[in-house]
$ cat model_7.cif   # mmCIF, C-alpha atoms
data_work
loop_
_atom_site.group_PDB
_atom_site.id
_atom_site.type_symbol
_atom_site.label_atom_id
_atom_site.label_comp_id
_atom_site.auth_asym_id
_atom_site.auth_seq_id
_atom_site.Cartn_x
_atom_site.Cartn_y
_atom_site.Cartn_z
ATOM 1 C CA MET Y 1 23.879 -1.202 12.713
ATOM 2 C CA HIS Y 2 26.433 0.075 10.225
ATOM 3 C CA PRO Y 3 27.892 3.602 10.554
ATOM 4 C CA PHE Y 4 26.089 6.385 8.688
ATOM 5 C CA SER Y 5 26.029 10.161 8.455
ATOM 6 C CA TYR Y 6 22.971 12.263 9.223
ATOM 7 C CA THR Y 7 21.777 15.568 7.807
ATOM 8 C CA ARG Y 8 18.572 17.524 8.298
ATOM 9 C CA ALA Y 9 17.082 19.243 5.237
ATOM 10 C CA SER Y 10 15.671 22.729 5.846
ATOM 11 C CA ASP Y 11 13.849 22.947 2.497
ATOM 12 C CA THR Y 12 12.949 20.781 -0.483
ATOM 13 C CA ARG Y 13 15.888 21.972 -2.595
ATOM 14 C CA GLU Y 14 18.357 20.967 0.108
ATOM 15 C CA ALA Y 15 16.612 17.601 0.432
ATOM 16 C CA LEU Y 16 16.721 16.967 -3.319
ATOM 17 C CA ASP Y 17 20.417 17.833 -3.508
ATOM 18 C CA ALA Y 18 21.198 15.407 -0.703
ATOM 19 C CA GLY Y 19 18.992 12.727 -2.238
ATOM 20 C CA ARG Y 20 20.619 13.100 -5.634
ATOM 21 C CA ALA Y 21 23.982 12.624 -3.922
ATOM 22 C CA GLY Y 22 22.795 9.249 -2.647
ATOM 23 C CA GLY Y 23 21.184 10.134 0.675
ATOM 24 C CA ARG Y 24 18.173 8.139 1.926
ATOM 25 C CA TYR Y 25 15.141 10.137 3.003
ATOM 26 C CA LEU Y 26 14.024 9.712 6.616
ATOM 27 C CA ALA Y 27 10.691 10.905 8.013
ATOM 28 C CA GLY Y 28 9.049 8.890 10.812
ATOM 29 C CA GLY Y 29 11.696 6.181 10.479
ATOM 30 C CA THR Y 30 9.398 3.414 11.680
ATOM 31 C CA THR Y 31 10.477 1.039 8.893
ATOM 32 C CA LEU Y 32 13.896 2.236 7.781
ATOM 33 C CA VAL Y 33 15.422 2.368 11.261
ATOM 34 C CA ASP Y 34 14.224 -1.191 11.975
ATOM 35 C CA LEU Y 35 15.819 -2.436 8.761
ATOM 36 C CA MET Y 36 19.042 -0.644 9.597
ATOM 37 C CA ARG Y 37 19.151 -2.362 12.990
ATOM 38 C CA GLU Y 38 18.763 -5.704 11.241
ATOM 39 C CA THR Y 39 21.464 -4.681 8.702
ATOM 40 C CA VAL Y 40 19.012 -5.279 5.845
ATOM 41 C CA GLU Y 41 19.379 -1.594 4.943
ATOM 42 C CA ARG Y 42 22.835 0.000 5.070
ATOM 43 C CA PRO Y 43 22.511 3.620 3.905
ATOM 44 C CA GLU Y 44 25.625 5.760 4.105
ATOM 45 C CA THR Y 45 23.655 8.979 4.594
ATOM 46 C CA LEU Y 46 20.233 9.707 6.092
ATOM 47 C CA VAL Y 47 18.452 12.891 5.041
ATOM 48 C CA ASP Y 48 15.888 13.968 7.636
ATOM 49 C CA ILE Y 49 12.963 15.541 5.761
ATOM 50 C CA SER Y 50 10.594 15.882 8.730
ATOM 51 C CA SER Y 51 10.803 19.706 8.653
ATOM 52 C CA LEU Y 52 9.595 20.042 5.051
ATOM 53 C CA PRO Y 53 6.194 21.708 4.454
ATOM 54 C CA LEU Y 54 4.383 18.568 3.287
ATOM 55 C CA ARG Y 55 1.874 18.192 6.121
ATOM 56 C CA GLU Y 56 -1.404 19.467 4.663
ATOM 57 C CA VAL Y 57 -4.621 17.666 3.771
ATOM 58 C CA THR Y 58 -6.592 19.672 1.217
ATOM 59 C CA VAL Y 59 -9.628 19.269 -0.995
ATOM 60 C CA THR Y 60 -8.711 19.783 -4.654
ATOM 61 C CA GLU Y 61 -10.570 22.113 -7.020
ATOM 62 C CA ARG Y 62 -12.391 19.158 -8.548
ATOM 63 C CA GLY Y 63 -13.411 17.715 -5.191
ATOM 64 C CA GLY Y 64 -10.680 15.145 -4.719
ATOM 65 C CA LEU Y 65 -8.301 14.946 -1.790
ATOM 66 C CA ARG Y 66 -4.583 15.675 -1.571
ATOM 67 C CA ILE Y 67 -2.666 14.269 1.400
ATOM 68 C CA GLY Y 68 0.843 15.584 2.024
ATOM 69 C CA ALA Y 69 3.585 12.976 2.211
ATOM 70 C CA LEU Y 70 4.561 13.982 5.772
ATOM 71 C CA VAL Y 71 1.050 13.825 7.200
ATOM 72 C CA SER Y 72 1.162 11.150 9.872
ATOM 73 C CA MET Y 73 -1.037 8.087 9.597
ATOM 74 C CA ALA Y 74 -2.889 9.168 12.738
ATOM 75 C CA GLU Y 75 -3.484 12.694 11.421
ATOM 76 C CA ALA Y 76 -4.745 11.439 8.067
ATOM 77 C CA ALA Y 77 -7.068 8.883 9.670
ATOM 78 C CA ALA Y 78 -8.602 11.493 11.979
ATOM 79 C CA HIS Y 79 -8.904 14.318 9.438
ATOM 80 C CA PRO Y 80 -12.591 15.284 8.955
ATOM 81 C CA LYS Y 81 -12.320 15.459 5.151
ATOM 82 C CA VAL Y 82 -10.681 12.036 4.908
ATOM 83 C CA ARG Y 83 -13.287 10.486 7.198
ATOM 84 C CA THR Y 84 -16.169 12.116 5.340
ATOM 85 C CA LEU Y 85 -15.073 11.787 1.721
ATOM 86 C CA TYR Y 86 -13.133 8.498 1.815
ATOM 87 C CA PRO Y 87 -13.847 6.389 4.927
ATOM 88 C CA VAL Y 88 -11.936 3.525 3.284
ATOM 89 C CA VAL Y 89 -8.718 5.520 3.779
ATOM 90 C CA SER Y 90 -9.422 6.260 7.450
ATOM 91 C CA GLN Y 91 -10.373 2.662 8.155
ATOM 92 C CA SER Y 92 -7.302 1.237 6.432
ATOM 93 C CA LEU Y 93 -5.061 3.523 8.466
ATOM 94 C CA GLU Y 94 -6.765 2.758 11.768
ATOM 95 C CA LEU Y 95 -6.362 -0.978 11.131
ATOM 96 C CA SER Y 96 -2.633 -0.512 10.539
ATOM 97 C CA ALA Y 97 0.179 -0.814 13.047
ATOM 98 C CA SER Y 98 -0.135 0.339 16.659
ATOM 99 C CA ALA Y 99 -1.305 3.732 17.886
ATOM 100 C CA GLN Y 100 2.268 4.702 18.705
ATOM 101 C CA LEU Y 101 3.503 3.826 15.215
ATOM 102 C CA ARG Y 102 0.589 5.643 13.562
ATOM 103 C CA ASN Y 103 1.580 8.792 15.441
ATOM 104 C CA MET Y 104 5.094 8.613 13.974
ATOM 105 C CA ALA Y 105 4.744 7.008 10.540
ATOM 106 C CA THR Y 106 3.934 9.175 7.522
ATOM 107 C CA ILE Y 107 1.762 8.603 4.465
ATOM 108 C CA GLY Y 108 4.762 8.773 2.134
ATOM 109 C CA GLY Y 109 6.767 6.392 4.270
ATOM 110 C CA ASN Y 110 3.862 3.986 4.621
ATOM 111 C CA ILE Y 111 3.511 3.372 0.903
ATOM 112 C CA MET Y 112 7.306 3.095 0.614
ATOM 113 C CA GLN Y 113 7.638 0.490 3.366
ATOM 114 C CA ARG Y 114 9.317 -2.764 2.467
ATOM 115 C CA THR Y 115 7.938 -6.257 2.760
ATOM 116 C CA ARG Y 116 7.579 -8.108 6.051
ATOM 117 C CA CYS Y 117 8.749 -11.362 4.429
ATOM 118 C CA THR Y 118 10.827 -13.143 7.077
ATOM 119 C CA TYR Y 119 13.369 -14.278 4.482
ATOM 120 C CA PHE Y 120 13.906 -10.688 3.339
ATOM 121 C CA ARG Y 121 14.606 -9.650 6.927
ATOM 122 C CA ASP Y 122 16.915 -12.589 7.612
ATOM 123 C CA VAL Y 123 20.259 -11.593 6.120
ATOM 124 C CA THR Y 124 21.389 -15.237 6.133
ATOM 125 C CA ALA Y 125 18.553 -16.294 3.796
ATOM 126 C CA ASP Y 126 18.521 -16.107 -0.005
ATOM 127 C CA CYS Y 127 16.483 -13.095 -1.151
ATOM 128 C CA ASN Y 128 16.509 -11.494 -4.594
ATOM 129 C CA LYS Y 129 14.839 -8.382 -3.209
ATOM 130 C CA ARG Y 130 17.668 -7.820 -0.726
ATOM 131 C CA GLU Y 131 20.514 -9.307 -2.818
ATOM 132 C CA PRO Y 132 19.699 -9.621 -6.543
ATOM 133 C CA GLY Y 133 20.593 -12.993 -8.011
ATOM 134 C CA SER Y 134 20.783 -14.852 -4.702
ATOM 135 C CA GLY Y 135 17.463 -16.696 -5.083
ATOM 136 C CA CYS Y 136 14.151 -16.711 -3.209
ATOM 137 C CA ALA Y 137 14.043 -18.848 -0.075
ATOM 138 C CA ALA Y 138 10.279 -18.340 0.270
ATOM 139 C CA LEU Y 139 9.490 -20.267 -2.918
ATOM 140 C CA HIS Y 140 10.359 -23.567 -1.273
ATOM 141 C CA GLY Y 141 10.256 -22.448 2.357
ATOM 142 C CA TYR Y 142 7.342 -21.685 4.657
ATOM 143 C CA ASN Y 143 5.224 -19.400 2.479
ATOM 144 C CA ARG Y 144 1.881 -19.159 4.312
ATOM 145 C CA THR Y 145 1.841 -15.334 4.302
ATOM 146 C CA HIS Y 146 3.192 -14.878 0.793
ATOM 147 C CA ALA Y 147 1.619 -13.697 -2.460
ATOM 148 C CA ILE Y 148 -0.776 -15.606 -4.667
ATOM 149 C CA LEU Y 149 -1.081 -12.740 -7.171
ATOM 150 C CA GLY Y 150 1.659 -10.933 -9.073
ATOM 151 C CA ALA Y 151 4.416 -13.288 -7.964
ATOM 152 C CA SER Y 152 7.352 -14.278 -10.139
ATOM 153 C CA ASP Y 153 10.072 -16.913 -10.026
ATOM 154 C CA SER Y 154 12.237 -14.244 -8.395
ATOM 155 C CA CYS Y 155 9.965 -13.067 -5.568
ATOM 156 C CA VAL Y 156 6.696 -13.956 -3.837
ATOM 157 C CA ALA Y 157 6.730 -11.340 -1.057
ATOM 158 C CA THR Y 158 3.580 -9.330 -0.350
ATOM 159 C CA HIS Y 159 3.379 -5.563 0.035
ATOM 160 C CA PRO Y 160 2.448 -4.825 3.672
ATOM 161 C CA SER Y 161 0.690 -1.438 3.499
ATOM 162 C CA ASP Y 162 -3.040 -1.226 4.248
ATOM 163 C CA VAL Y 163 -3.619 2.341 3.074
ATOM 164 C CA ALA Y 164 -1.871 1.494 -0.204
ATOM 165 C CA VAL Y 165 -4.739 -0.924 -0.885
ATOM 166 C CA ALA Y 166 -7.233 1.918 -0.431
ATOM 167 C CA PHE Y 167 -5.157 4.186 -2.691
ATOM 168 C CA ALA Y 168 -5.004 1.459 -5.335
ATOM 169 C CA ALA Y 169 -8.766 0.949 -5.217
ATOM 170 C CA LEU Y 170 -9.451 4.690 -5.487
ATOM 171 C CA GLU Y 171 -6.943 5.080 -8.351
ATOM 172 C CA ALA Y 172 -4.875 7.694 -6.572
ATOM 173 C CA THR Y 173 -1.844 9.520 -7.963
ATOM 174 C CA VAL Y 174 1.566 9.834 -6.298
ATOM 175 C CA HIS Y 175 3.153 13.261 -6.746
ATOM 176 C CA LEU Y 176 6.948 13.304 -6.965
ATOM 177 C CA LEU Y 177 9.497 16.105 -6.921
ATOM 178 C CA GLY Y 178 12.955 15.525 -8.305
ATOM 179 C CA PRO Y 179 15.979 17.244 -9.810
ATOM 180 C CA HIS Y 180 14.067 17.668 -13.080
ATOM 181 C CA GLY Y 181 10.851 18.986 -11.568
ATOM 182 C CA GLU Y 182 7.475 17.553 -10.596
ATOM 183 C CA ARG Y 183 6.122 14.236 -11.848
ATOM 184 C CA PRO Y 184 2.728 12.605 -11.193
ATOM 185 C CA VAL Y 185 2.601 8.786 -11.251
ATOM 186 C CA PRO Y 186 -0.637 6.760 -11.167
ATOM 187 C CA PHE Y 187 -0.653 4.646 -8.030
ATOM 188 C CA ALA Y 188 -1.048 1.514 -10.149
ATOM 189 C CA ASP Y 189 2.336 2.290 -11.753
ATOM 190 C CA PHE Y 190 4.166 3.561 -8.682
ATOM 191 C CA LEU Y 191 4.568 0.234 -6.862
ATOM 192 C CA LEU Y 192 6.283 -2.257 -9.168
ATOM 193 C CA LYS Y 193 5.619 -5.974 -9.527
ATOM 194 C CA PRO Y 194 8.785 -8.018 -8.917
ATOM 195 C CA LYS Y 195 9.194 -9.761 -12.290
ATOM 196 C CA ASP Y 196 12.973 -10.298 -12.662
ATOM 197 C CA THR Y 197 13.960 -7.198 -10.652
ATOM 198 C CA PRO Y 198 12.291 -7.492 -7.226
ATOM 199 C CA ASN Y 199 14.918 -5.165 -5.742
ATOM 200 C CA ARG Y 200 13.320 -2.279 -7.681
ATOM 201 C CA GLU Y 201 10.101 -1.657 -5.793
ATOM 202 C CA GLN Y 202 8.915 1.831 -6.806
ATOM 203 C CA ASP Y 203 8.958 4.032 -9.876
ATOM 204 C CA LEU Y 204 11.335 6.505 -8.280
ATOM 205 C CA GLY Y 205 14.290 8.217 -9.872
ATOM 206 C CA ARG Y 206 17.483 9.024 -7.995
ATOM 207 C CA GLY Y 207 16.773 11.775 -5.474
ATOM 208 C CA GLU Y 208 13.042 11.953 -6.191
ATOM 209 C CA LEU Y 209 10.860 12.783 -3.212
ATOM 210 C CA ILE Y 210 7.190 11.957 -2.613
ATOM 211 C CA THR Y 211 5.318 15.194 -1.927
ATOM 212 C CA ALA Y 212 1.689 14.021 -1.802
ATOM 213 C CA VAL Y 213 -0.850 11.361 -2.653
ATOM 214 C CA GLU Y 214 -3.929 12.652 -4.466
ATOM 215 C CA ILE Y 215 -7.255 10.847 -4.626
ATOM 216 C CA PRO Y 216 -9.407 11.901 -7.593
ATOM 217 C CA ALA Y 217 -12.929 13.179 -7.256
ATOM 218 C CA LEU Y 218 -15.403 10.318 -7.533
ATOM 219 C CA PRO Y 219 -19.164 10.423 -8.153
ATOM 220 C CA ARG Y 220 -21.373 11.025 -5.128
ATOM 221 C CA PRO Y 221 -22.940 9.521 -3.148
ATOM 222 C CA LEU Y 222 -20.009 7.202 -2.528
ATOM 223 C CA LYS Y 223 -19.877 4.525 0.141
ATOM 224 C CA SER Y 224 -16.544 2.962 0.972
ATOM 225 C CA GLY Y 225 -14.832 0.785 3.544
ATOM 226 C CA TYR Y 226 -11.902 -1.468 4.356
ATOM 227 C CA LEU Y 227 -11.949 -5.002 5.751
ATOM 228 C CA LYS Y 228 -8.800 -6.707 7.042
ATOM 229 C CA VAL Y 229 -8.417 -10.388 7.916
ATOM 230 C CA ARG Y 230 -5.421 -11.267 10.091
ATOM 231 C CA ASP Y 231 -4.246 -13.884 12.543
ATOM 232 C CA ARG Y 232 -5.034 -11.675 15.527
ATOM 233 C CA GLN Y 233 -7.008 -8.485 16.081
ATOM 234 C CA SER Y 234 -4.099 -6.619 17.632
ATOM 235 C CA TYR Y 235 -1.239 -5.215 15.582
ATOM 236 C CA GLU Y 236 -0.760 -7.648 12.687
ATOM 237 C CA PHE Y 237 -0.352 -7.600 8.910
ATOM 238 C CA ALA Y 238 -3.132 -8.796 6.629
ATOM 239 C CA LEU Y 239 -3.598 -12.333 5.395
ATOM 240 C CA THR Y 240 -6.024 -10.682 3.036
ATOM 241 C CA SER Y 241 -7.954 -7.429 2.915
ATOM 242 C CA ALA Y 242 -10.476 -5.646 0.702
ATOM 243 C CA ALA Y 243 -10.961 -1.958 -0.082
ATOM 244 C CA VAL Y 244 -14.328 -1.215 -1.692
ATOM 245 C CA ALA Y 245 -15.972 2.002 -2.923
ATOM 246 C CA LEU Y 246 -19.401 1.972 -4.583
ATOM 247 C CA HIS Y 247 -21.434 4.682 -6.268
ATOM 248 C CA VAL Y 248 -25.085 3.627 -6.398
ATOM 249 C CA ARG Y 249 -27.668 5.813 -8.115
ATOM 250 C CA GLY Y 250 -31.221 4.905 -8.972
ATOM 251 C CA GLY Y 251 -30.769 1.538 -7.286
ATOM 252 C CA VAL Y 252 -27.984 0.555 -9.711
ATOM 253 C CA ILE Y 253 -24.209 0.417 -9.211
ATOM 254 C CA ARG Y 254 -22.791 3.100 -11.504
ATOM 255 C CA GLU Y 255 -19.159 2.885 -10.418
ATOM 256 C CA ALA Y 256 -17.156 0.340 -8.423
ATOM 257 C CA LYS Y 257 -13.592 0.487 -7.085
ATOM 258 C CA VAL Y 258 -12.183 -2.686 -5.529
ATOM 259 C CA ALA Y 259 -8.676 -3.752 -4.491
ATOM 260 C CA ALA Y 260 -7.179 -6.419 -2.254
ATOM 261 C CA GLY Y 261 -4.198 -6.541 0.089
ATOM 262 C CA GLY Y 262 -2.187 -9.277 1.743
ATOM 263 C CA VAL Y 263 -2.398 -11.466 -1.359
ATOM 264 C CA GLY Y 264 -0.370 -9.621 -3.986
ATOM 265 C CA THR Y 265 3.189 -8.491 -4.465
ATOM 266 C CA VAL Y 266 1.617 -5.032 -4.730
ATOM 267 C CA PRO Y 267 -1.842 -3.834 -3.650
ATOM 268 C CA TRP Y 268 -3.996 -5.724 -6.099
ATOM 269 C CA LYS Y 269 -6.661 -3.951 -8.134
ATOM 270 C CA LEU Y 270 -9.594 -6.251 -9.029
ATOM 271 C CA PRO Y 271 -10.984 -5.061 -12.389
ATOM 272 C CA ALA Y 272 -12.897 -8.308 -13.027
ATOM 273 C CA VAL Y 273 -14.804 -7.803 -9.774
ATOM 274 C CA GLU Y 274 -15.486 -4.175 -10.696
ATOM 275 C CA ARG Y 275 -16.825 -5.138 -14.144
ATOM 276 C CA ALA Y 276 -19.123 -7.755 -12.631
ATOM 277 C CA LEU Y 277 -20.720 -5.074 -10.432
ATOM 278 C CA LEU Y 278 -21.338 -2.324 -12.981
ATOM 279 C CA ASP Y 279 -24.929 -1.556 -13.972
ATOM 280 C CA GLU Y 280 -26.239 -4.214 -11.582
ATOM 281 C CA ARG Y 281 -28.584 -3.906 -8.627
ATOM 282 C CA PRO Y 282 -27.049 -4.648 -5.221
ATOM 283 C CA SER Y 283 -27.939 -8.107 -3.964
ATOM 284 C CA ALA Y 284 -26.408 -10.975 -2.015
ATOM 285 C CA ALA Y 285 -26.238 -13.011 -5.206
ATOM 286 C CA LEU Y 286 -24.371 -10.218 -7.006
ATOM 287 C CA TRP Y 287 -21.765 -9.885 -4.255
ATOM 288 C CA LYS Y 288 -21.071 -13.606 -4.352
ATOM 289 C CA ALA Y 289 -20.836 -13.758 -8.132
ATOM 290 C CA ALA Y 290 -18.549 -10.708 -8.329
ATOM 291 C CA ALA Y 291 -16.287 -11.908 -5.507
ATOM 292 C CA ALA Y 292 -15.793 -15.212 -7.331
ATOM 293 C CA GLN Y 293 -13.654 -13.222 -9.806
ATOM 294 C CA ALA Y 294 -11.296 -11.919 -7.098
ATOM 295 C CA ALA Y 295 -8.690 -14.669 -7.298
ATOM 296 C CA HIS Y 296 -8.467 -14.746 -11.095
ATOM 297 C CA GLY Y 297 -4.904 -15.606 -12.070
ATOM 298 C CA ALA Y 298 -3.881 -16.733 -8.576
ATOM 299 C CA ARG Y 299 -0.779 -18.915 -8.271
ATOM 300 C CA PRO Y 300 -0.828 -20.318 -4.729
ATOM 301 C CA LEU Y 301 2.182 -21.945 -3.134
ATOM 302 C CA GLU Y 302 2.393 -24.975 -0.860
ATOM 303 C CA HIS Y 303 1.313 -23.269 2.354
ATOM 304 C CA ASN Y 304 -0.908 -20.389 1.197
ATOM 305 C CA ARG Y 305 -3.574 -22.148 -0.863
ATOM 306 C CA PHE Y 306 -6.149 -21.130 1.736
ATOM 307 C CA LYS Y 307 -5.742 -17.525 0.600
ATOM 308 C CA VAL Y 308 -7.640 -18.172 -2.635
ATOM 309 C CA GLU Y 309 -10.900 -18.908 -0.849
ATOM 310 C CA LEU Y 310 -10.178 -16.427 1.924
ATOM 311 C CA LEU Y 311 -9.753 -13.639 -0.627
ATOM 312 C CA LYS Y 312 -13.096 -14.421 -2.271
ATOM 313 C CA ARG Y 313 -14.886 -14.484 1.083
ATOM 314 C CA THR Y 314 -13.245 -11.254 2.235
ATOM 315 C CA VAL Y 315 -14.239 -9.391 -0.925
ATOM 316 C CA GLU Y 316 -17.773 -10.768 -0.759
ATOM 317 C CA ARG Y 317 -18.118 -9.766 2.889
ATOM 318 C CA GLN Y 318 -16.915 -6.222 2.264
ATOM 319 C CA LEU Y 319 -19.180 -5.813 -0.751
ATOM 320 C CA ARG Y 320 -22.091 -6.803 1.469
ATOM 321 C CA ILE Y 321 -21.060 -4.308 4.147
ATOM 322 C CA VAL Y 322 -20.483 -1.361 1.811
ATOM 323 C CA GLY Y 323 -23.395 -2.252 -0.460
ATOM 324 C CA GLY Y 324 -25.783 -2.467 2.457
ATOM 325 C CA THR Y 325 -27.075 -5.953 1.649
ATOM 326 C CA LYS Y 326 -26.311 -8.341 4.495
#
$ encode --input "model_7.cif" --output "structure tokens"
Amino acid sequence: MHPFSYTRASDTREALDAGRAGGRYLAGGTTLVDLMRETVERPETLVDISSLPLREVTVTERGGLRIGALVSMAEAAAHPKVRTLYPVVSQSLELSASAQLRNMATIGGNIMQRTRCTYFRDVTADCNKREPGSGCAALHGYNRTHAILGASDSCVATHPSDVAVAFAALEATVHLLGPHGERPVPFADFLLKPKDTPNREQDLGRGELITAVEIPALPRPLKSGYLKVRDRQSYEFALTSAAVALHVRGGVIREAKVAAGGVGTVPWKLPAVERALLDERPSAALWKAAAAQAAHGARPLEHNRFKVELLKRTVERQLRIVGGTK
């Protein structure tokens, strides 16, 4: 680990000043500290923001949900309003990491976490995300766990967060606070596809701080859930996953929110699947037909071709579960 200085912010203004000066924000530290040990990350200054007042979960005036950036994963998953209004969020959190990590890791840190690509974490390997212009070892290496959606010639790493898939499906908003004030960013725009700049992963300005993630009010009744497919049932990242929320009224699907994880360079919204569901009556045939659209535009690599079919089956299975048609 390289030498660094440490400071603890007592309020948001102090945190923003330190961030604008180049400090890296530290909350639970479950990702950043690991990367520092591996010398992938080498910040000169850490700014501890764990004392900031960003730990509330509140229902908005319109009936949505606002989750403070420093709410732990465990707290968010167990919160009665999260469990009642958006079970997909609770389930995605409970299927993430270990119990010990969920007690430490925060919502803001979780969506900011960096890829688990082994080449990214191996400082001897070529990686454009870690060292721009060096190349991407995964393109011609062992790429079983890598992306089939949203990849570029510069990067094929997947985003590891489970709850980010739920936020993407529900069309959440990330609230930021920076030197120039507050700024809301749609979740779909917050996490950036790699293109030619895979080292730039979020729409964050210098010194900007995540304050909350807000889920909009959605029509009720709303059924939602999260399904994760992985190599083992214990602590493991997704090969593929599906977050689904359905509003059914009068026996017809009036609104559908669907996203996938483990297959994209960012949590992958599935608008073609959503369109195939609208104004239709739930049925086994509908789930299958809609799920067939899930891998549209996929570009599999040598070792991850299985993900195309696995993604379709995962989406179909979760549509059946949430839609109530086995």
$ closest_residue --input "model_7.cif" --among "Y:Leu93, Y:Asp196, Y:Val165, Y:Lys257" --to "Y:Ala105" --atoms "only C-alpha atoms"
Y:Leu93
$ atom_distance --input "model_7.cif" --atom1 "atom CA of Y:Leu239" --atom2 "atom CA of Y:Arg144"
8.8 Å
$ closest_residue --input "model_7.cif" --among "Y:Arg206, Y:Lys195, Y:Arg42, Y:Arg66" --to "Y:Gly150" --atoms "all atoms listed in the file"
Y:Lys195
$ residues_around --input "model_7.cif" --residues "stretch 117-125 of chain Y" --least-positions-apart "2" --cutoff "10 Å" --atoms "all atoms listed in the file" --output "list in words"
Asp34, Leu35, Glu38, Thr39, Val40, Glu41, Arg114, Thr115, Cys127, Asn128, Lys129, Arg130, Glu131, Ser134, Gly135, Cys136, Ala137, Ala138, Gly141, Tyr142, Asn143, Thr145, His146, Val156, Ala157, Thr158, His159 and Pro160 of chain Y
$ closest_atom_pairs --input "model_7.cif" --of "stretch 40-93 of chain Y" --to "stretch 208-213 of chain Y" --cutoff "8 Å" --atoms "all atoms listed in the file" --output "Markdown table"
| residue | atom | partner | partner_atom | distance |
| --- | --- | --- | --- | --- |
| Y:Leu54 | CA | Y:Thr211 | CA | 6.3 |
| Y:Arg66 | CA | Y:Val213 | CA | 5.8 |
| Y:Ile67 | CA | Y:Val213 | CA | 5.3 |
| Y:Gly68 | CA | Y:Ala212 | CA | 4.2 |
| Y:Ala69 | CA | Y:Ala212 | CA | 4.6 |
| Y:Leu70 | CA | Y:Thr211 | CA | 7.8 |
$ resolve_selection --input "model_7.cif" --expression "the PyMOL selection byres ((chain Y and resi 167) around 9)" --output "list in words"
Val89, Val163, Ala164, Val165, Ala166, Ala168, Ala169, Leu170, Glu171, Ala172, Thr173, Phe187, Ala188, Val213, Glu214, Ile215, Ala243, Ala259 and Pro267 of chain Y
$ closest_residue --input "model_7.cif" --among "Y:Ala289, Y:Leu176, Y:Ala217, Y:Leu246" --to "Y:Thr12" --atoms "all atoms listed in the file"
Y:Leu176
$ atom_distance --input "model_7.cif" --atom1 "atom CA of Y:Ser224" --atom2 "atom CA of Y:Pro186"
20.4 Å
$ closest_residue --input "model_7.cif" --among "Y:Ser154, Y:Ser72, Y:Asn103, Y:Thr240" --to "Y:Thr314" --atoms "only C-alpha atoms"
Y:Thr240
$ residues_near_point --input "model_7.cif" --point "(-12.0, -7.6, 0.3)" --cutoff "6 Å" --atoms "all atoms listed in the file" --output "list in words"
Ser241, Ala242, Ala243, Ala260, Thr314, Val315 and Gln318 of chain Y
$ resolve_selection --input "model_7.cif" --expression "the PyMOL selection byres ((chain Y and resi 83) around 12)" --output "list in words"
Val57, Leu65, Ala74, Glu75, Ala76, Ala77, Ala78, His79, Pro80, Lys81, Val82, Thr84, Leu85, Tyr86, Pro87, Val88, Val89, Ser90, Gln91, Ser92, Leu93, Glu94, Lys223, Ser224 and Gly225 of chain Y
$ atom_distance --input "model_7.cif" --atom1 "atom CA of Y:Ala284" --atom2 "atom CA of Y:Glu316"
8.7 Å
$ residues_around --input "model_7.cif" --residues "Y:Arg317" --least-positions-apart "5" --cutoff "9 Å" --atoms "all atoms listed in the file" --output "VMD selection string"
chain Y and resid 227 242 287 to 288 291 312 322 326
$ residues_around --input "model_7.cif" --residues "Y:Ala276" --least-positions-apart "4" --cutoff "9 Å" --atoms "only C-alpha atoms" --output "PDB file with C-alpha atoms, in the coordinates of the input"
ATOM      1  CA  PRO Y 271     -10.984  -5.061 -12.389  1.00  0.00           C
ATOM      2  CA  ALA Y 272     -12.897  -8.308 -13.027  1.00  0.00           C
ATOM      3  CA  GLU Y 280     -26.239  -4.214 -11.582  1.00  0.00           C
ATOM      4  CA  LEU Y 286     -24.371 -10.218  -7.006  1.00  0.00           C
ATOM      5  CA  ALA Y 289     -20.836 -13.758  -8.132  1.00  0.00           C
ATOM      6  CA  ALA Y 290     -18.549 -10.708  -8.329  1.00  0.00           C
ATOM      7  CA  ALA Y 291     -16.287 -11.908  -5.507  1.00  0.00           C
ATOM      8  CA  GLN Y 293     -13.654 -13.222  -9.806  1.00  0.00           C
TER       9      GLN Y 293
END
$ closest_residue --input "model_7.cif" --among "Y:Cys155, Y:Leu222, Y:Leu270, Y:Leu149" --to "Y:Pro132" --atoms "all atoms listed in the file"
Y:Cys155
$ closest_residue --input "model_7.cif" --among "Y:Leu204, Y:Ala298, Y:Ile321, Y:Ala256" --to "Y:Leu277" --atoms "all atoms listed in the file"
Y:Ala256
$ resolve_selection --input "model_7.cif" --expression "the PyMOL selection byres ((chain Y and resi 51) around 10)" --output "list in words"
Arg8, Ala9, Ser10, Asp11, Thr12, Ala27, Asp48, Ile49, Ser50, Leu52, Pro53, Leu54, Arg55 and Leu70 of chain Y
$ axis_aligned_box --input "model_7.cif" --around "stretch 23-36 of chain Y" --padding-each-side "8 Å" --output "AutoDock Vina command-line options"
--center_x 15.1 --center_y 4.2 --center_z 6.3 --size_x 28.1 --size_y 29.3 --size_z 27.3
$ residues_near_point --input "model_7.cif" --point "(-27.6, 0.9, -12.1)" --cutoff "9 Å" --atoms "all atoms listed in the file" --output "MDAnalysis selection string"
chainID Y and resid 248:255 278:282
